[in-house]
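Participant: Dropping in upload28.txt, with compact mmCIF, C-alpha atoms and all ligand atoms.
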```
# COMPACT_ATOMS: atom_id res chain seq x y z
CA MET A 512 -32.46 48.49 21.63
CA ASN A 513 -33.73 44.87 21.29
CA GLN A 514 -36.42 44.56 18.66
CA LYS A 515 -39.54 46.04 20.23
CA THR A 516 -43.20 45.95 19.24
CA ALA A 517 -45.17 49.19 19.11
CA PHE A 518 -48.93 49.62 19.06
CA ILE A 519 -49.85 52.90 17.36
CA THR A 520 -53.39 54.28 17.39
CA GLY A 521 -54.30 56.72 14.64
CA ALA A 522 -51.68 55.28 12.29
CA THR A 523 -53.67 56.06 9.14
CA SER A 524 -52.72 59.73 9.06
CA GLY A 525 -50.56 62.57 10.37
CA ILE A 526 -48.48 62.02 13.49
CA GLY A 527 -49.37 58.33 13.89
CA LYS A 528 -48.45 57.50 10.30
CA ALA A 529 -45.15 59.41 10.44
CA THR A 530 -44.32 57.64 13.71
CA ALA A 531 -45.04 54.26 12.12
CA GLN A 532 -42.75 55.12 9.20
CA LEU A 533 -39.92 56.21 11.50
CA PHE A 534 -40.33 53.24 13.82
CA ALA A 535 -40.23 50.89 10.82
CA ARG A 536 -36.96 52.44 9.66
CA ASN A 537 -35.65 51.73 13.16
CA LYS A 538 -36.78 48.10 12.98
CA ILE A 539 -39.54 48.40 15.57
CA ARG A 540 -42.29 45.86 14.88
CA LEU A 541 -45.64 47.52 14.30
CA ILE A 542 -49.29 47.12 15.16
CA LEU A 543 -51.00 49.80 13.08
CA CYS A 544 -54.49 50.89 14.17
CA GLY A 545 -57.23 53.07 12.74
CA ARG A 546 -60.67 52.93 11.18
CA ARG A 547 -59.71 53.45 7.52
CA ILE A 548 -58.78 49.94 6.46
CA GLU A 549 -57.51 50.83 2.96
CA ARG A 550 -54.97 53.18 4.51
CA LEU A 551 -53.91 50.54 7.03
CA ILE A 552 -53.39 48.04 4.22
CA ARG A 553 -51.40 50.53 2.13
CA LEU A 554 -49.17 51.46 5.06
CA LYS A 555 -48.58 47.83 5.90
CA GLU A 556 -47.54 47.22 2.29
CA GLU A 557 -45.21 50.22 2.41
CA LEU A 558 -43.50 49.21 5.67
CA SER A 559 -43.43 45.43 5.51
CA ASN A 560 -40.08 45.34 3.76
CA LEU A 561 -38.57 47.19 6.75
CA THR A 562 -40.16 45.42 9.72
CA ASP A 563 -42.94 43.02 10.78
CA VAL A 564 -46.32 44.73 10.55
CA THR A 565 -49.86 43.81 11.45
CA THR A 566 -52.99 45.96 11.36
CA LEU A 567 -56.07 46.31 13.55
CA GLN A 568 -59.16 48.13 12.39
CA PHE A 569 -61.31 49.47 15.21
CA ASP A 570 -63.00 52.59 16.47
CA VAL A 571 -61.50 53.63 19.81
CA ARG A 572 -64.97 54.78 20.92
CA ASN A 573 -66.25 51.23 20.83
CA LYS A 574 -65.19 49.30 23.95
CA LYS A 575 -66.03 45.92 22.47
CA GLU A 576 -64.18 46.59 19.23
CA VAL A 577 -61.12 47.76 21.14
CA PHE A 578 -60.90 44.69 23.37
CA ASN A 579 -61.84 42.21 20.61
CA ALA A 580 -59.26 43.69 18.25
CA ILE A 581 -56.46 43.54 20.80
CA GLU A 582 -57.40 40.01 21.85
CA SER A 583 -57.31 38.97 18.17
CA LEU A 584 -53.64 39.90 17.75
CA PRO A 585 -51.50 37.08 16.34
CA THR A 586 -49.29 35.48 19.01
CA ALA A 587 -46.18 37.06 17.52
CA PHE A 588 -47.59 40.53 18.22
CA GLN A 589 -49.07 39.94 21.66
CA LYS A 590 -46.11 41.28 23.62
CA ILE A 591 -46.58 45.03 23.24
CA ASP A 592 -43.57 47.02 24.43
CA ILE A 593 -44.61 50.50 23.37
CA LEU A 594 -48.10 52.00 23.23
CA ILE A 595 -48.51 55.26 21.33
CA ASN A 596 -51.88 56.72 22.37
CA ASN A 597 -52.22 59.06 19.41
CA ALA A 598 -55.73 58.65 17.92
CA GLY A 599 -57.66 61.84 18.43
CA ASN A 600 -59.05 64.97 16.87
CA ALA A 601 -60.89 68.20 17.45
CA HIS A 602 -64.48 68.43 16.26
CA GLY A 603 -65.72 71.98 15.76
CA LEU A 604 -64.44 75.32 17.06
CA SER A 605 -67.32 77.17 18.69
CA SER A 606 -68.00 79.14 21.82
CA ILE A 607 -69.21 76.98 24.69
CA GLN A 608 -72.80 78.19 24.30
CA ASP A 609 -72.86 77.30 20.60
CA GLY A 610 -71.05 73.95 20.68
CA GLU A 611 -72.65 70.85 19.15
CA LEU A 612 -73.40 68.00 21.55
CA ASP A 613 -72.28 65.44 18.96
CA ASP A 614 -68.92 67.18 18.68
CA TRP A 615 -68.52 67.16 22.45
CA ASP A 616 -69.36 63.46 22.58
CA ALA A 617 -66.86 62.72 19.82
CA MET A 618 -64.00 64.54 21.53
CA ILE A 619 -64.60 63.08 24.98
CA ASP A 620 -65.29 59.61 23.60
CA ILE A 621 -62.26 59.51 21.29
CA ASN A 622 -59.61 61.62 23.01
CA VAL A 623 -60.33 60.55 26.58
CA LYS A 624 -62.39 57.37 26.76
CA GLY A 625 -60.79 55.83 23.67
CA LEU A 626 -57.33 56.40 25.10
CA LEU A 627 -58.49 54.79 28.35
CA TYR A 628 -60.02 51.74 26.63
CA VAL A 629 -56.88 51.05 24.62
CA SER A 630 -54.68 51.53 27.68
CA LYS A 631 -56.88 49.26 29.79
CA ALA A 632 -56.67 46.52 27.15
CA ILE A 633 -52.87 46.70 26.93
CA LEU A 634 -51.66 47.64 30.41
CA PRO A 635 -52.31 44.42 32.37
CA LYS A 636 -49.70 42.52 30.36
CA MET A 637 -47.17 45.33 30.77
CA VAL A 638 -47.80 45.25 34.53
CA GLU A 639 -47.43 41.45 34.56
CA ARG A 640 -44.09 41.73 32.74
CA ASN A 641 -42.89 44.72 34.74
CA ASP A 642 -42.01 46.43 31.51
CA GLY A 643 -43.50 48.83 28.99
CA PHE A 644 -43.63 52.32 27.56
CA ILE A 645 -46.66 54.53 26.98
CA VAL A 646 -46.53 57.76 25.02
CA ASN A 647 -49.68 59.86 25.21
CA ILE A 648 -50.18 62.48 22.54
CA GLY A 649 -51.67 65.48 24.29
CA SER A 650 -51.61 69.01 22.92
CA ILE A 651 -50.85 72.58 23.87
CA ALA A 652 -54.65 72.51 24.30
CA GLY A 653 -53.99 70.28 27.30
CA LYS A 654 -51.83 72.93 28.92
CA GLU A 655 -53.78 76.08 28.02
CA VAL A 656 -57.39 76.95 27.21
CA TYR A 657 -57.94 79.13 24.16
CA PRO A 658 -61.09 80.84 22.85
CA HIS A 659 -63.54 78.31 21.37
CA GLY A 660 -61.25 75.43 22.30
CA ASN A 661 -63.43 74.55 25.33
CA VAL A 662 -64.23 70.82 25.04
CA TYR A 663 -61.18 69.93 22.93
CA CYS A 664 -59.04 71.68 25.57
CA ALA A 665 -60.90 69.82 28.31
CA SER A 666 -60.26 66.50 26.56
CA LYS A 667 -56.55 67.25 26.22
CA HIS A 668 -56.33 68.50 29.83
CA ALA A 669 -57.72 65.06 30.69
CA VAL A 670 -54.95 63.44 28.64
CA ASN A 671 -52.43 65.55 30.55
CA ALA A 672 -53.93 64.39 33.86
CA LEU A 673 -54.04 60.76 32.73
CA ASN A 674 -50.43 60.95 31.66
CA LYS A 675 -49.51 61.95 35.21
CA ALA A 676 -51.92 59.41 36.71
CA MET A 677 -50.43 56.58 34.67
CA ARG A 678 -46.90 57.49 35.74
CA VAL A 679 -47.95 57.59 39.39
CA ASP A 680 -49.93 54.34 39.39
CA LEU A 681 -47.47 52.42 37.22
CA ASN A 682 -44.38 53.59 39.06
CA ASN A 683 -43.91 50.23 40.81
CA TYR A 684 -43.99 48.35 37.52
CA ASN A 685 -41.05 49.79 35.64
CA ILE A 686 -43.40 51.22 33.01
CA ARG A 687 -42.37 54.53 31.51
CA VAL A 688 -45.07 57.08 30.67
CA SER A 689 -44.48 60.23 28.62
CA ALA A 690 -46.57 62.81 26.82
CA ILE A 691 -45.89 65.04 23.85
CA HIS A 692 -47.90 68.25 23.63
CA PRO A 693 -47.58 69.78 20.16
CA GLY A 694 -48.68 73.20 18.98
CA ALA A 695 -49.75 73.52 15.35
CA VAL A 696 -48.91 70.45 13.25
CA GLU A 697 -49.94 70.39 9.59
CA THR A 698 -51.96 67.16 9.29
CA GLU A 699 -55.58 66.30 8.59
CA PHE A 700 -56.39 67.64 12.07
CA SER A 701 -57.95 70.94 10.92
CA GLU A 702 -59.83 69.25 8.09
CA VAL A 703 -61.52 67.07 10.70
CA ARG A 704 -62.06 70.02 13.06
CA PHE A 705 -63.75 71.98 10.24
CA LYS A 706 -65.68 68.95 8.98
CA GLY A 707 -64.07 68.63 5.57
CA ASP A 708 -63.78 72.36 4.81
CA VAL A 709 -60.37 72.07 3.14
CA GLU A 710 -60.05 75.80 2.46
CA LYS A 711 -60.65 76.74 6.09
CA ALA A 712 -58.24 74.02 7.19
CA ARG A 713 -55.54 75.21 4.78
CA LYS A 714 -55.73 78.74 6.22
CA VAL A 715 -54.78 77.43 9.68
CA TYR A 716 -51.33 76.56 8.34
CA THR A 717 -50.68 79.52 6.01
CA GLY A 718 -48.48 82.51 6.86
CA PHE A 719 -46.02 80.50 8.94
CA LYS A 720 -44.15 77.21 8.83
CA ALA A 721 -46.16 74.74 10.87
CA LEU A 722 -44.69 71.65 12.48
CA GLN A 723 -44.83 68.57 10.27
CA ALA A 724 -45.96 65.14 11.47
CA GLU A 725 -42.38 63.92 10.98
CA ASP A 726 -41.12 66.47 13.54
CA ILE A 727 -43.37 64.95 16.19
CA ALA A 728 -42.40 61.43 15.14
CA ASP A 729 -38.72 62.35 15.63
CA ILE A 730 -39.51 63.51 19.17
CA ILE A 731 -41.54 60.41 19.96
CA TYR A 732 -38.65 58.24 18.77
CA PHE A 733 -36.19 60.29 20.85
CA VAL A 734 -38.37 59.79 23.94
CA ILE A 735 -38.73 56.03 23.52
CA SER A 736 -35.09 55.44 22.65
CA ARG A 737 -33.60 56.88 25.87
CA PRO A 738 -31.80 54.43 28.19
CA TYR A 739 -34.18 52.37 30.39
CA TYR A 740 -33.62 54.59 33.47
CA VAL A 741 -34.59 57.83 31.66
CA ASN A 742 -38.25 58.89 31.55
CA ILE A 743 -39.30 62.19 30.03
CA GLU A 744 -42.53 63.34 31.70
CA ASP A 745 -43.68 65.56 28.87
CA LEU A 746 -42.58 67.94 26.16
CA ILE A 747 -44.31 70.95 24.66
CA VAL A 748 -43.32 71.48 21.03
CA TYR A 749 -44.16 74.57 18.97
CA PRO A 750 -43.35 75.75 15.51
CA THR A 751 -40.86 78.64 15.85
CA ALA A 752 -43.63 81.06 14.87
CA GLN A 753 -45.79 79.99 17.83
CA ALA A 754 -45.25 81.20 21.40
CA SER A 755 -48.38 79.88 23.15
CA ALA A 756 -51.77 78.43 22.22
CA THR A 757 -52.87 81.88 21.05
CA ILE A 758 -49.69 83.71 20.01
CA LEU A 759 -48.75 82.95 16.43
CA ASN A 760 -46.46 85.15 14.35
CA LYS A 761 -48.21 84.91 10.95
CA GLU A 762 -47.16 86.86 7.87
P1 LIG A 801 -55.00 63.39 11.86
O1 LIG A 801 -56.41 63.81 11.68
O2 LIG A 801 -54.08 63.49 10.70
O3 LIG A 801 -54.93 61.91 12.45
C1 LIG A 801 -55.84 61.47 13.44
C2 LIG A 801 -55.74 59.97 13.56
O4 LIG A 801 -56.62 59.55 14.61
C3 LIG A 801 -56.14 59.24 12.29
O5 LIG A 801 -55.22 58.21 12.03
C4 LIG A 801 -57.51 58.67 12.63
O6 LIG A 801 -57.68 57.41 11.99
C5 LIG A 801 -57.40 58.45 14.14
N1 LIG A 801 -58.72 58.46 14.75
C6 LIG A 801 -59.58 59.51 14.85
N2 LIG A 801 -60.74 59.12 15.39
C7 LIG A 801 -60.62 57.79 15.63
C8 LIG A 801 -61.50 56.81 16.16
N3 LIG A 801 -62.74 57.12 16.56
N4 LIG A 801 -61.07 55.52 16.28
C9 LIG A 801 -59.82 55.20 15.87
N5 LIG A 801 -58.94 56.08 15.36
C10 LIG A 801 -59.34 57.36 15.24
O7 LIG A 801 -54.44 64.30 13.08
P2 LIG A 801 -53.04 64.37 13.83
O8 LIG A 801 -52.07 63.39 13.32
O9 LIG A 801 -52.66 65.80 13.88
O10 LIG A 801 -53.52 63.97 15.29
C11 LIG A 801 -52.92 62.96 16.07
C12 LIG A 801 -52.97 63.39 17.54
O11 LIG A 801 -52.23 64.58 17.71
C13 LIG A 801 -54.39 63.68 18.04
O12 LIG A 801 -54.53 63.15 19.34
C14 LIG A 801 -54.43 65.21 18.08
O13 LIG A 801 -55.33 65.68 19.02
C15 LIG A 801 -52.98 65.51 18.46
N6 LIG A 801 -52.51 66.85 18.16
C16 LIG A 801 -52.54 67.35 16.89
C17 LIG A 801 -52.07 68.61 16.64
C18 LIG A 801 -52.16 69.25 15.31
O14 LIG A 801 -52.02 70.50 15.22
N7 LIG A 801 -52.31 68.52 14.24
C19 LIG A 801 -51.47 69.42 17.72
C20 LIG A 801 -51.53 68.80 19.01
C21 LIG A 801 -51.99 67.56 19.20
P3 LIG A 801 -59.03 56.92 11.27
O15 LIG A 801 -59.78 58.15 10.83
O16 LIG A 801 -58.55 56.05 10.15
O17 LIG A 801 -59.74 56.15 12.32
C1 LIG A 802 -54.02 70.83 18.22
C2 LIG A 802 -53.38 72.16 18.38
O1 LIG A 802 -53.82 74.58 19.02
O2 LIG A 802 -55.44 73.53 17.53
O3 LIG A 802 -54.13 70.15 19.41
O4 LIG A 802 -55.37 72.96 19.86
S1 LIG A 802 -54.56 73.35 18.73
```
Can you present the structure in this file as structure tokens?
Ligand code: NDP
Ligand code: 8X3
Facilitator:
Amino acid sequence: MNQKTAFITGATSGIGKATAQLFARNKIRLILCGRRIERLIRLKEELSNLTDVTTLQFDVRNKKEVFNAIESLPTAFQKIDILINNAGNAHGLSSIQDGELDDWDAMIDINVKGLLYVSKAILPKMVERNDGFIVNIGSIAGKEVYPHGNVYCASKHAVNALNKAMRVDLNNYNIRVSAIHPGAVETEFSEVRFKGDVEKARKVYTGFKALQAEDIADIIYFVISRPYYVNIEDLIVYPTAQASATILNKE
């Protein structure tokens, strides 16, 4: 592969960070995005001896910040070959009648609208060049609905639909669009879902071997490194102990 430039949202943690690390080892140039600037700086320091790296700090919920940040990219990073739409999280785990409005706003605004804003800011140049690759990080929650998953599941079903919509609408422009839908991955995901309750989060991943962020990064790299005529629509990835959104073989 010629040296490509990848734009990774949610690069400060979990799947996004592991993807950045793997891409760097494969000499892909990196635009690392997230809100936590210290983490972006540290990751840039870690990876700069492997590849060219720049960082962008913005909140995907904020339209202006998204567009301003992307417009501010140094010339050398303006040709984005690969967009990894990864930033996202669950907020809360309650029955629909008990859910918090702020949590619902966060999930729709980050997982759906944020993904759209970033894509809208990057896509026109891909279309102009007739070239590009988008990987959307969905979830098993985008394929199934589980108890108390309600709005998170709805947001990831939207990602699933947008993944299909992008492939359909971008078909004439030689742009590949893929999604990865993981089951349980041991990251900061559950800590965010349970609002900093580390003990509750830890329990999600005990009694079985969960997927690690690096496992998803490997799959993302596999998807983007296929020959130009190969496009994987989507992949569902579970830990061996998991058989569906709700079936988990825990000790
Ligand atoms: P982490 O919590 O470890 O990482 C989430 C990332 O998203 C962080 O880098 C965070 O950066 C970024 N992010 C969150 N909110 C915003 C925001 N408003 N603006 C910009 N960036 C934001 O979780 P994962 O790595 O597990 O999650 C990555 C993706 O994978 C998500 O889309 C998640 O839904 C999906 N997923 C996760 C699974 C799991 O079990 N872990 C399973 C299936 C899918 P910062 O806080 O610095 O802004
Ligand atoms: C994260 C996996 O099962 O908690 O998307 O929804 S799950």
Participant: To one decimal place, how far is CA of Ala522 in chain A from CA of Cys544 in chain A in Å?
Facilitator: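 So the answer is 5.5 Å.
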Participant: I'd like a table as JSON lines: residues in chain A with an atom no more than 9 Å from ligand LIG 802 (chain A), each row giving the shortest atom pair and its distance in Å to one decimal, all atoms listed in the file counted, sorted by chain and rising residue number.
Facilitator:
```
{"residue": "A:Asn600", "atom": "CA", "partner": "A:LIG802", "partner_atom": "O3", "distance": 7.6}
{"residue": "A:Ala601", "atom": "CA", "partner": "A:LIG802", "partner_atom": "O3", "distance": 7.3}
{"residue": "A:Gly649", "atom": "CA", "partner": "A:LIG802", "partner_atom": "O3", "distance": 7.2}
{"residue": "A:Ser650", "atom": "CA", "partner": "A:LIG802", "partner_atom": "O3", "distance": 4.5}
{"residue": "A:Ile651", "atom": "CA", "partner": "A:LIG802", "partner_atom": "O1", "distance": 6.0}
{"residue": "A:Ala652", "atom": "CA", "partner": "A:LIG802", "partner_atom": "O4", "distance": 4.5}
{"residue": "A:Gly653", "atom": "CA", "partner": "A:LIG802", "partner_atom": "O3", "distance": 7.9}
{"residue": "A:Glu655", "atom": "CA", "partner": "A:LIG802", "partner_atom": "O4", "distance": 8.9}
{"residue": "A:Val656", "atom": "CA", "partner": "A:LIG802", "partner_atom": "O4", "distance": 8.6}
{"residue": "A:Tyr657", "atom": "CA", "partner": "A:LIG802", "partner_atom": "O4", "distance": 7.9}
{"residue": "A:Gly660", "atom": "CA", "partner": "A:LIG802", "partner_atom": "O4", "distance": 6.8}
{"residue": "A:Tyr663", "atom": "CA", "partner": "A:LIG802", "partner_atom": "O4", "distance": 7.2}
{"residue": "A:Cys664", "atom": "CA", "partner": "A:LIG802", "partner_atom": "O4", "distance": 6.9}
{"residue": "A:Lys667", "atom": "CA", "partner": "A:LIG802", "partner_atom": "O3", "distance": 7.8}
{"residue": "A:His692", "atom": "CA", "partner": "A:LIG802", "partner_atom": "O3", "distance": 7.8}
{"residue": "A:Pro693", "atom": "CA", "partner": "A:LIG802", "partner_atom": "C2", "distance": 6.5}
{"residue": "A:Gly694", "atom": "CA", "partner": "A:LIG802", "partner_atom": "C2", "distance": 4.9}
{"residue": "A:Ala695", "atom": "CA", "partner": "A:LIG802", "partner_atom": "C2", "distance": 4.9}
{"residue": "A:Val696", "atom": "CA", "partner": "A:LIG802", "partner_atom": "C2", "distance": 7.0}
{"residue": "A:Phe700", "atom": "CA", "partner": "A:LIG802", "partner_atom": "C1", "distance": 7.3}
{"residue": "A:Ser701", "atom": "CA", "partner": "A:LIG802", "partner_atom": "O2", "distance": 7.5}
{"residue": "A:Arg704", "atom": "CA", "partner": "A:LIG802", "partner_atom": "O2", "distance": 8.7}
{"residue": "A:Val715", "atom": "CA", "partner": "A:LIG802", "partner_atom": "O2", "distance": 8.8}
{"residue": "A:Ser755", "atom": "CA", "partner": "A:LIG802", "partner_atom": "O1", "distance": 8.6}
{"residue": "A:Ala756", "atom": "CA", "partner": "A:LIG802", "partner_atom": "O1", "distance": 5.4}
{"residue": "A:Thr757", "atom": "CA", "partner": "A:LIG802", "partner_atom": "O1", "distance": 7.6}
```
Participant: CA of Gln568 in chain A to CA of Asn685 in chain A: how many Å, to one decimal?
Facilitator: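 Between CA of Gln568 in chain A and CA of Asn685 in chain A the gap works out to 29.5 Å.
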Participant: Within 9 Å of Gln753 in chain A, counting all atoms listed in the file, which residues show up once you throw out same-chain ones fewer than 4 positions away? Write them as a PyMOL selection string, please.
Facilitator: chain A and resi 694-695+719+721+749+757-761
Participant: Please provide the set of residues having any atom within 12 Å of Ser583 in chain A, restricted to all atoms listed in the file, with same-chain residues fewer than 3 positions apart removed, written as a list of chain:residue names.
Facilitator: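 Listing them by chain and then by number gives A:Ile542, A:Thr565, A:Thr566, A:Leu567, A:Gln568, A:Phe569, A:Lys575, A:Glu576, A:Val577, A:Phe578, A:Asn579, A:Ala580, A:Thr586, A:Ala587, A:Phe588, A:Gln589, A:Ala632.
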